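The data block below is input28.txt; it holds compact mmCIF, C-alpha atoms.
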# COMPACT_ATOMS: atom_id res chain seq x y z
CA MET A 1 0.00 0.00 0.00
CA LYS A 2 1.82 3.11 -1.22
CA LEU A 3 0.97 6.52 0.21
CA PRO A 4 0.21 9.46 -2.13
CA GLU A 5 2.59 12.41 -2.07
CA GLN A 6 0.33 14.47 0.19
CA PRO A 7 -1.54 11.85 2.23
CA ARG A 8 -4.18 12.78 4.77
CA ILE A 9 -3.60 10.33 7.60
CA CYS A 10 -5.56 9.72 10.77
CA MET A 11 -4.02 7.75 13.61
CA VAL A 12 -6.21 6.20 16.27
CA MET A 13 -4.17 5.59 19.43
CA MET A 14 -5.68 7.21 22.46
CA SER A 15 -4.95 5.84 25.87
CA ALA A 16 -1.86 4.63 27.74
CA ILE A 17 1.07 7.06 27.74
CA GLY A 18 3.49 4.22 27.03
CA ASP A 19 1.56 3.33 23.88
CA VAL A 20 1.40 6.99 22.84
CA VAL A 21 5.19 7.06 23.10
CA HIS A 22 5.42 3.86 21.07
CA ALA A 23 3.22 5.41 18.37
CA LEU A 24 5.43 8.48 17.87
CA PRO A 25 8.08 6.76 15.70
CA VAL A 26 5.27 5.84 13.29
CA ILE A 27 4.40 9.51 12.85
CA THR A 28 7.99 10.75 12.58
CA ALA A 29 8.80 8.08 9.99
CA ILE A 30 5.78 9.04 7.87
CA LYS A 31 6.80 12.70 7.97
CA ARG A 32 10.38 11.86 6.92
CA HIS A 33 9.04 9.79 4.02
CA ARG A 34 6.19 12.13 3.07
CA PRO A 35 7.03 15.63 4.38
CA ARG A 36 3.80 17.03 2.93
CA ALA A 37 1.60 14.54 4.75
CA ARG A 38 -1.09 15.92 7.03
CA ILE A 39 -1.42 13.83 10.17
CA THR A 40 -4.40 13.96 12.49
CA TRP A 41 -4.07 12.08 15.77
CA ILE A 42 -7.09 11.12 17.85
CA LEU A 43 -6.07 11.15 21.51
CA GLN A 44 -7.42 11.35 25.00
CA ALA A 45 -6.44 14.38 27.09
CA PRO A 46 -3.32 12.95 28.83
CA GLY A 47 -1.74 11.84 25.58
CA ALA A 48 -2.68 15.10 23.91
CA ALA A 49 -0.92 17.02 26.69
CA LEU A 50 2.27 15.06 25.97
CA VAL A 51 2.39 15.51 22.17
CA LYS A 52 0.90 19.01 21.88
CA GLY A 53 3.43 21.12 20.01
CA HIS A 54 5.09 18.15 18.29
CA LYS A 55 6.33 19.33 14.89
CA ASP A 56 5.15 16.19 13.09
CA VAL A 57 1.58 16.21 14.42
CA ASP A 58 -0.56 18.58 12.36
CA GLU A 59 -3.79 18.20 14.29
CA ILE A 60 -4.99 16.62 17.52
CA LEU A 61 -8.62 15.63 18.04
CA ILE A 62 -9.41 14.87 21.66
CA PHE A 63 -11.72 12.02 22.58
CA ASP A 64 -13.34 12.65 25.95
CA ARG A 65 -13.78 9.16 27.35
CA LYS A 66 -15.38 10.46 30.56
CA ALA A 67 -18.20 12.02 28.54
CA GLY A 68 -19.53 8.57 27.60
CA TRP A 69 -21.50 8.41 24.36
CA ARG A 70 -21.46 12.21 24.11
CA GLY A 71 -17.69 11.96 23.69
CA PHE A 72 -18.20 9.74 20.64
CA TRP A 73 -20.87 12.09 19.30
CA ASN A 74 -18.69 15.18 19.65
CA LEU A 75 -15.80 13.47 17.92
CA ARG A 76 -18.08 12.25 15.14
CA GLN A 77 -19.16 15.82 14.41
CA GLN A 78 -15.52 16.84 13.98
CA LEU A 79 -14.71 13.87 11.76
CA LYS A 80 -17.56 14.64 9.34
CA SER A 81 -15.56 17.43 7.73
CA ARG A 82 -12.26 15.56 7.66
CA PRO A 83 -11.78 13.01 4.87
CA PHE A 84 -8.62 10.89 5.08
CA ASP A 85 -6.66 8.76 2.65
CA VAL A 86 -5.83 6.18 5.31
CA VAL A 87 -6.69 5.51 8.94
CA LEU A 88 -4.13 3.71 11.09
CA ASP A 89 -5.95 1.91 13.91
CA LEU A 90 -3.11 1.02 16.26
CA GLN A 91 -5.38 0.43 19.25
CA CYS A 92 -7.39 -2.75 19.00
CA TYR A 93 -10.08 -2.05 21.58
CA LEU A 94 -13.79 -1.41 21.14
CA LYS A 95 -13.65 2.35 21.71
CA ALA A 96 -10.96 2.68 19.03
CA SER A 97 -12.95 0.46 16.70
CA ILE A 98 -16.01 2.69 17.05
CA ILE A 99 -13.92 5.76 16.27
CA THR A 100 -12.30 4.04 13.30
CA ALA A 101 -15.77 3.26 11.99
CA MET A 102 -16.67 6.98 12.23
CA CYS A 103 -13.68 8.06 10.13
CA ARG A 104 -14.19 8.84 6.44
CA SER A 105 -11.47 6.96 4.59
CA PRO A 106 -11.26 4.33 1.83
CA ILE A 107 -8.50 2.52 3.76
CA LYS A 108 -8.72 1.59 7.43
CA LEU A 109 -5.62 -0.35 8.40
CA GLY A 110 -5.58 -2.53 11.48
CA LEU A 111 -4.23 -5.71 12.98
CA ASP A 112 -4.59 -9.14 11.50
CA ARG A 113 -7.54 -11.08 12.84
CA ALA A 114 -5.48 -13.31 15.13
CA ARG A 115 -4.08 -10.35 17.09
CA ALA A 116 -7.07 -8.00 16.99
CA LYS A 117 -8.96 -7.83 20.28
CA GLU A 118 -12.64 -7.11 20.91
CA LEU A 119 -13.62 -7.83 17.28
CA ASN A 120 -11.43 -4.96 16.10
CA TRP A 121 -10.83 -6.73 12.79
CA LEU A 122 -14.49 -6.14 11.85
CA PHE A 123 -13.93 -2.37 11.76
CA THR A 124 -10.91 -2.31 9.42
CA ASN A 125 -10.80 -3.16 5.72
CA ALA A 126 -7.03 -3.66 5.42
CA LYS A 127 -4.84 -5.74 7.69
CA ILE A 128 -1.15 -5.82 8.46
CA PRO A 129 0.26 -9.29 7.69
CA ALA A 130 -0.13 -11.88 10.42
CA LYS A 131 2.92 -12.32 12.63
CA PRO A 132 3.64 -13.84 16.03
CA LEU A 133 3.18 -11.64 19.09
CA ASN A 134 6.06 -9.18 19.42
CA HIS A 135 7.22 -6.23 21.52
CA VAL A 136 4.65 -3.43 21.44
CA GLN A 137 7.07 -1.05 19.71
CA ALA A 138 7.93 -3.58 17.01
CA HIS A 139 4.24 -4.30 16.58
CA PHE A 140 3.50 -0.62 15.86
CA LEU A 141 6.34 -0.44 13.35
CA GLU A 142 4.61 -3.15 11.31
CA PHE A 143 2.10 -0.49 10.28
CA LEU A 144 4.93 1.38 8.55
CA ASP A 145 5.87 -1.72 6.59
CA ALA A 146 2.25 -2.05 5.46
CA ILE A 147 2.19 1.50 4.03
CA GLU A 148 5.70 1.17 2.52
CA VAL A 149 7.39 3.67 4.83
CA PRO A 150 10.98 2.90 5.92
CA SER A 151 11.20 2.02 9.61
CA ASP A 152 14.94 1.54 10.00
CA SER A 153 15.51 4.68 12.10
CA LEU A 154 13.46 5.28 15.24
CA GLN A 155 12.87 8.92 16.15
CA TRP A 156 10.49 10.34 18.75
CA ASN A 157 11.38 14.07 18.70
CA ILE A 158 9.48 14.45 21.96
CA GLY A 159 11.33 17.51 23.25
CA PRO A 160 11.89 19.35 25.42
CA TRP A 161 10.54 22.14 23.21
CA PRO A 162 12.72 25.28 23.01
CA GLU A 163 10.28 27.27 25.13
CA GLU A 164 10.57 24.64 27.90
CA ARG A 165 14.34 24.94 28.34
CA ALA A 166 14.16 27.89 30.73
CA TRP A 167 11.91 25.95 33.12
CA GLN A 168 14.24 22.95 32.88
CA ALA A 169 17.29 25.07 33.71
CA GLU A 170 15.52 26.58 36.72
CA PHE A 171 14.37 23.15 37.97
CA PHE A 172 17.94 21.80 37.98
CA SER A 173 19.64 24.98 39.15
CA ASP A 174 20.16 23.57 42.67
CA MET A 175 21.02 20.00 41.65
CA SER A 176 24.43 18.83 40.53
CA SER A 177 25.03 15.77 38.36
CA PRO A 178 24.79 12.85 38.25
CA ARG A 179 21.02 12.86 38.71
CA VAL A 180 18.69 9.87 38.93
CA ALA A 181 14.94 9.99 38.31
CA LEU A 182 12.94 7.47 40.34
CA VAL A 183 9.42 6.77 39.05
CA ALA A 184 7.15 6.48 42.08
CA GLY A 185 4.55 4.06 40.81
CA THR A 186 2.12 2.94 38.15
CA SER A 187 -1.62 2.88 37.60
CA ASN A 188 -1.65 -0.70 38.90
CA PRO A 189 -0.35 -1.39 42.44
CA LEU A 190 0.66 -4.89 41.34
CA LYS A 191 3.36 -3.33 39.12
CA ASP A 192 4.76 -1.07 41.87
CA TRP A 193 7.97 -1.73 43.77
CA LEU A 194 7.97 -1.81 47.57
CA PRO A 195 8.12 1.63 49.29
CA ASP A 196 10.59 0.52 51.98
CA ARG A 197 13.01 -0.72 49.33
CA MET A 198 12.72 2.52 47.43
CA ARG A 199 13.60 4.39 50.63
CA GLU A 200 16.65 2.20 51.14
CA LEU A 201 17.67 2.64 47.51
CA ILE A 202 17.43 6.43 47.69
CA ASP A 203 19.75 6.60 50.70
CA ALA A 204 22.19 4.21 49.03
CA LEU A 205 22.24 6.31 45.85
CA GLU A 206 22.70 9.54 47.79
CA SER A 207 25.62 8.00 49.70
CA GLN A 208 27.25 7.37 46.31
CA GLY A 209 26.80 10.99 45.25
CA LEU A 210 23.77 10.37 43.04
CA ARG A 211 21.10 13.04 43.46
CA THR A 212 17.58 11.61 43.28
CA ILE A 213 14.30 13.03 41.99
CA LEU A 214 10.93 11.39 42.63
CA VAL A 215 8.69 11.66 39.56
CA GLY A 216 5.23 10.43 38.68
CA GLY A 217 1.60 11.39 39.05
CA ASN A 218 -0.43 12.72 41.94
CA SER A 219 -2.44 9.65 42.89
CA ALA A 220 -3.06 9.06 46.59
CA ARG A 221 -0.59 6.17 46.52
CA GLU A 222 2.18 8.25 44.98
CA ILE A 223 1.58 11.22 47.27
CA ALA A 224 1.71 8.95 50.32
CA LEU A 225 4.99 7.49 49.07
CA GLY A 226 6.46 10.96 48.60
CA GLU A 227 5.46 11.95 52.12
CA MET A 228 6.94 8.77 53.59
CA LEU A 229 10.23 9.24 51.75
CA ALA A 230 10.45 12.86 52.89
CA ARG A 231 10.07 11.73 56.52
CA GLN A 232 12.19 8.61 56.55
CA CYS A 233 15.02 9.09 54.06
CA ALA A 234 18.30 10.34 55.43
CA HIS A 235 18.57 12.31 52.17
CA ALA A 236 15.05 12.90 50.85
CA PRO A 237 14.68 13.01 47.07
CA LYS A 238 13.53 16.13 45.30
CA ASN A 239 9.76 15.69 45.00
CA ALA A 240 8.49 16.37 41.47
CA LEU A 241 5.29 14.31 41.66
CA GLY A 242 2.39 15.71 39.68
CA SER A 243 4.53 18.00 37.54
CA GLY A 244 2.60 17.11 34.38
CA LEU A 245 3.80 15.27 31.31
CA ARG A 246 5.59 18.12 29.54
CA LYS A 247 7.56 19.02 32.65
CA LEU A 248 8.25 15.33 33.16
CA VAL A 249 9.89 15.33 29.72
CA CYS A 250 12.13 18.17 30.90
CA ILE A 251 13.01 16.38 34.13
CA LEU A 252 13.81 13.04 32.52
CA ASP A 253 15.82 14.78 29.81
CA GLY A 254 17.94 16.45 32.49
CA CYS A 255 18.68 13.22 34.37
CA ASP A 256 21.55 10.84 33.80
CA LEU A 257 19.70 7.65 34.72
CA VAL A 258 16.06 6.60 35.18
CA ILE A 259 14.83 3.81 37.47
CA SER A 260 11.24 2.79 36.89
CA PRO A 261 8.67 0.02 37.09
CA ASP A 262 6.61 -0.83 34.01
CA THR A 263 4.81 2.45 33.27
CA GLY A 264 4.61 5.29 30.75
CA PRO A 265 7.52 7.41 32.08
CA LEU A 266 9.86 4.45 31.56
CA HIS A 267 9.07 4.43 27.83
CA LEU A 268 9.28 8.22 27.74
CA ALA A 269 12.81 7.96 29.16
CA VAL A 270 13.72 5.47 26.41
CA ALA A 271 12.37 7.91 23.82
CA LEU A 272 14.66 10.58 25.28
CA GLY A 273 17.65 8.27 24.92
CA LYS A 274 18.20 7.82 28.65
CA PRO A 275 19.62 4.61 30.19
CA VAL A 276 16.77 2.94 32.07
CA ILE A 277 16.82 0.41 34.88
CA GLY A 278 13.44 -1.24 34.38
CA LEU A 279 11.84 -3.10 37.30
CA TYR A 280 9.64 -5.89 35.93
CA GLY A 281 7.67 -8.58 37.68
CA TYR A 282 4.00 -8.32 36.78
CA ASN A 283 4.34 -8.07 32.98
CA SER A 284 6.84 -9.75 30.71
CA PRO A 285 9.66 -7.36 29.74
CA THR A 286 9.99 -9.34 26.53
CA ARG A 287 6.76 -7.75 25.32
CA VAL A 288 6.65 -4.40 27.16
CA GLY A 289 10.18 -3.78 28.45
CA PRO A 290 12.32 -0.75 27.56
CA PHE A 291 12.78 -1.11 23.80
CA ARG A 292 16.37 -1.64 22.64
CA ASN A 293 17.67 -0.54 26.04
CA ASP A 294 20.81 -2.25 27.35
CA PRO A 295 19.43 -5.62 28.57
CA LYS A 296 22.00 -5.72 31.36
CA LEU A 297 20.21 -2.78 33.00
CA LEU A 298 16.93 -4.71 33.26
CA VAL A 299 15.80 -6.22 36.57
CA ASP A 300 13.65 -9.14 35.43
CA ALA A 301 11.66 -10.77 38.21
CA TYR A 302 8.96 -11.93 35.78
CA HIS A 303 10.98 -14.86 34.48
CA ASP A 304 12.35 -17.62 36.62
CA PRO A 305 16.12 -18.24 36.44
CA GLY A 306 16.90 -20.06 33.21
CA GLU A 307 13.39 -19.60 31.83
CA ALA A 308 13.09 -18.74 28.15
CA PRO A 309 11.77 -15.20 27.44
CA GLN A 310 7.98 -15.22 27.39
CA MET A 311 6.29 -13.14 24.68
CA THR A 312 2.94 -13.05 26.43
CA PHE A 313 0.14 -10.91 27.84
CA ALA A 314 0.01 -13.09 30.96
CA HIS A 315 0.54 -11.44 34.35
CA ARG A 316 2.48 -12.85 37.30
CA GLN A 317 1.55 -11.57 40.72
CA GLY A 318 3.89 -11.30 43.69
CA ARG A 319 7.01 -10.97 41.55
CA MET A 320 7.83 -7.31 42.29
CA GLN A 321 8.61 -8.32 45.88
CA LYS A 322 11.45 -10.47 44.53
CA ILE A 323 13.37 -7.37 43.40
CA THR A 324 15.93 -6.45 46.06
CA VAL A 325 17.71 -3.16 46.59
CA GLN A 326 20.97 -4.92 45.76
CA ASN A 327 19.50 -6.04 42.40
CA VAL A 328 19.02 -2.39 41.50
CA LEU A 329 22.36 -1.24 42.90
CA ASP A 330 24.14 -3.89 40.84
CA ARG A 331 22.63 -2.32 37.70
CA VAL A 332 23.65 1.13 38.92
CA ASP A 333 27.22 -0.13 39.32
CA TYR A 334 27.10 -1.55 35.79
CA TRP A 335 25.84 1.80 34.44
CA ARG A 336 28.58 3.72 36.26
CA ALA A 337 31.22 1.37 34.87
CA LEU A 338 29.96 2.08 31.34
CA LYS A 339 30.40 5.81 31.92
CA GLN A 340 34.06 5.51 32.96

Give the structure from the file, written as structure tokens.
Amino acid sequence: MKLPEQPRICMVMMSAIGDVVHALPVITAIKRHRPRARITWILQAPGAALVKGHKDVDEILIFDRKAGWRGFWNLRQQLKSRPFDVVLDLQCYLKASIITAMCRSPIKLGLDRARAKELNWLFTNAKIPAKPLNHVQAHFLEFLDAIEVPSDSLQWNIGPWPEERAWQAEFFSDMSSPRVALVAGTSNPLKDWLPDRMRELIDALESQGLRTILVGGNSAREIALGEMLARQCAHAPKNALGSGLRKLVCILDGCDLVISPDTGPLHLAVALGKPVIGLYGYNSPTRVGPFRNDPKLLVDAYHDPGEAPQMTFAHRQGRMQKITVQNVLDRVDYWRALKQ
């Protein structure tokens, strides 16, 4: 399927921040291949906040999930006046399928039937070739192959934007390097690391001269963690919880290392080219780990010793507790050795 010289493209990928990050190389590759393409991206508000101002995204249409059926109706009214040459449905869930159905386009490209969830395959009229389950990032890049766009160079171009540099400089004005960003938690408590071990890790890092910054959202769980660390750490981390996604980009960009469980900021750090110590136990890092990151930085508690990598959606509970502070410090030592 070859794109015209000035294609009008709509991408449907709305929800998880990690998946929004994984979708960005699709957009940047299209723009490199077809600079005159016009790309419309249908997003929910959090993802829109992250990519607003991106030079390769011509238009963002926001889907208000909390508005229920009115959210679909409002989006439909906007789509009536926007014909497309191709729709890329990267999100194989019912809400994305409904939105894909509302788009005016002769080509609606989606997953092959075997991998499409929630009957998504019924709402697309072109399919990417069937392949075994793969890493989420690699899976998204298959869409580029289907529209004959080279995918050999991954670029995110996520910032910081020039107008954000002053805030970044002010944020770090009282912090010397090296700096480590610690991601407080995830949307799922089963993917979080233990608070007491994070406290012990912070003090160990500070004793080695590594300044720490606590980043993440402002959920009750994360706020409670930040308060506990402020009370109990011998050297409390700088608390940047709830800064918002664009400021998070600035913070991660200004750090030397990122330590994170399986959540959106981890993938954002990868997009910024930062070394990432990923803490995995609930989900398989083979499918959703930091893409093309140094595998020796990964803490993999999902797999048993000697077990073959599992490319699977299956969850394993109780595995995050297996990750010790020393496991993480060993990866920090490895990272420091690489820098010497």

Within 8 Å of range 207-220 of chain A, which residues of range 241-334 of chain A show up? Give each one with its shortest atom-to-atom distance in Å (one decimal) and the two atoms involved, counting only C-alpha atoms, rows by chain then rising residue number, as CSV.
residue,atom,partner,partner_atom,distance
A:Leu241,CA,A:Val215,CA,4.8
A:Gly242,CA,A:Gly217,CA,4.4
A:Ser243,CA,A:Gly217,CA,7.4
A:Gly244,CA,A:Gly217,CA,7.5
A:Leu248,CA,A:Val215,CA,7.4
A:Pro265,CA,A:Gly216,CA,7.6

May I have the residues within 8 Å of Ile42 in chain A as a list of chain:residue names, using all atoms listed in the file and disregarding those fewer than 4 positions away in the same chain?
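Here the answer would be A:Cys10, A:Met11, A:Val12, A:Met13, A:Met14, A:Ile60, A:Leu61, A:Ile62, A:Phe63.
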
Counting all atoms listed in the file, the residue of A:Pro162, A:Pro290, A:Gly18, A:Pro132 that sits nearest Thr312 in chain A:
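Result for the nearest residue to Thr312 in chain A: A:Pro132.
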
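Here CA of Leu201 in chain A is placed at a distance of 5.9 Å from CA of Val325 in chain A.
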
List the neighbours of range 45-59 of chain A out to 7 Å using only C-alpha atoms; skip same-chain residues closer than 6 positions along the sequence, and give me the result as a list in words.
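Near neighbours after the sequence-gap exclusion: Met14, Ser15, Ile17, Val20, Ile27, Thr28, Lys31, Arg38, Ile39, Ile158, Leu245 and Arg246 of chain A.
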
Writer output for current selection, C-alpha atoms, as a PDB file, in the coordinates of the input:
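Contents of again.pdb, as written:
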ATOM      1  CA  MET A  14      -5.680   7.210  22.460  1.00  0.00           C
ATOM      2  CA  SER A  15      -4.950   5.840  25.870  1.00  0.00           C
ATOM      3  CA  ILE A  17       1.070   7.060  27.740  1.00  0.00           C
ATOM      4  CA  VAL A  20       1.400   6.990  22.840  1.00  0.00           C
ATOM      5  CA  ILE A  27       4.400   9.510  12.850  1.00  0.00           C
ATOM      6  CA  THR A  28       7.990  10.750  12.580  1.00  0.00           C
ATOM      7  CA  LYS A  31       6.800  12.700   7.970  1.00  0.00           C
ATOM      8  CA  ARG A  38      -1.090  15.920   7.030  1.00  0.00           C
ATOM      9  CA  ILE A  39      -1.420  13.830  10.170  1.00  0.00           C
ATOM     10  CA  ILE A 158       9.480  14.450  21.960  1.00  0.00           C
ATOM     11  CA  LEU A 245       3.800  15.270  31.310  1.00  0.00           C
ATOM     12  CA  ARG A 246       5.590  18.120  29.540  1.00  0.00           C
TER      13      ARG A 246
END

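Closest approach to Lys117 in chain A from the set A:Gln326, A:Asn157, A:Gln91, A:Ser105 is made by A:Gln91, with distances taken over all atoms listed in the file.
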
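Computed from the coordinates, the CA of Val328 in chain A to CA of Leu298 in chain A distance equals 8.8 Å.
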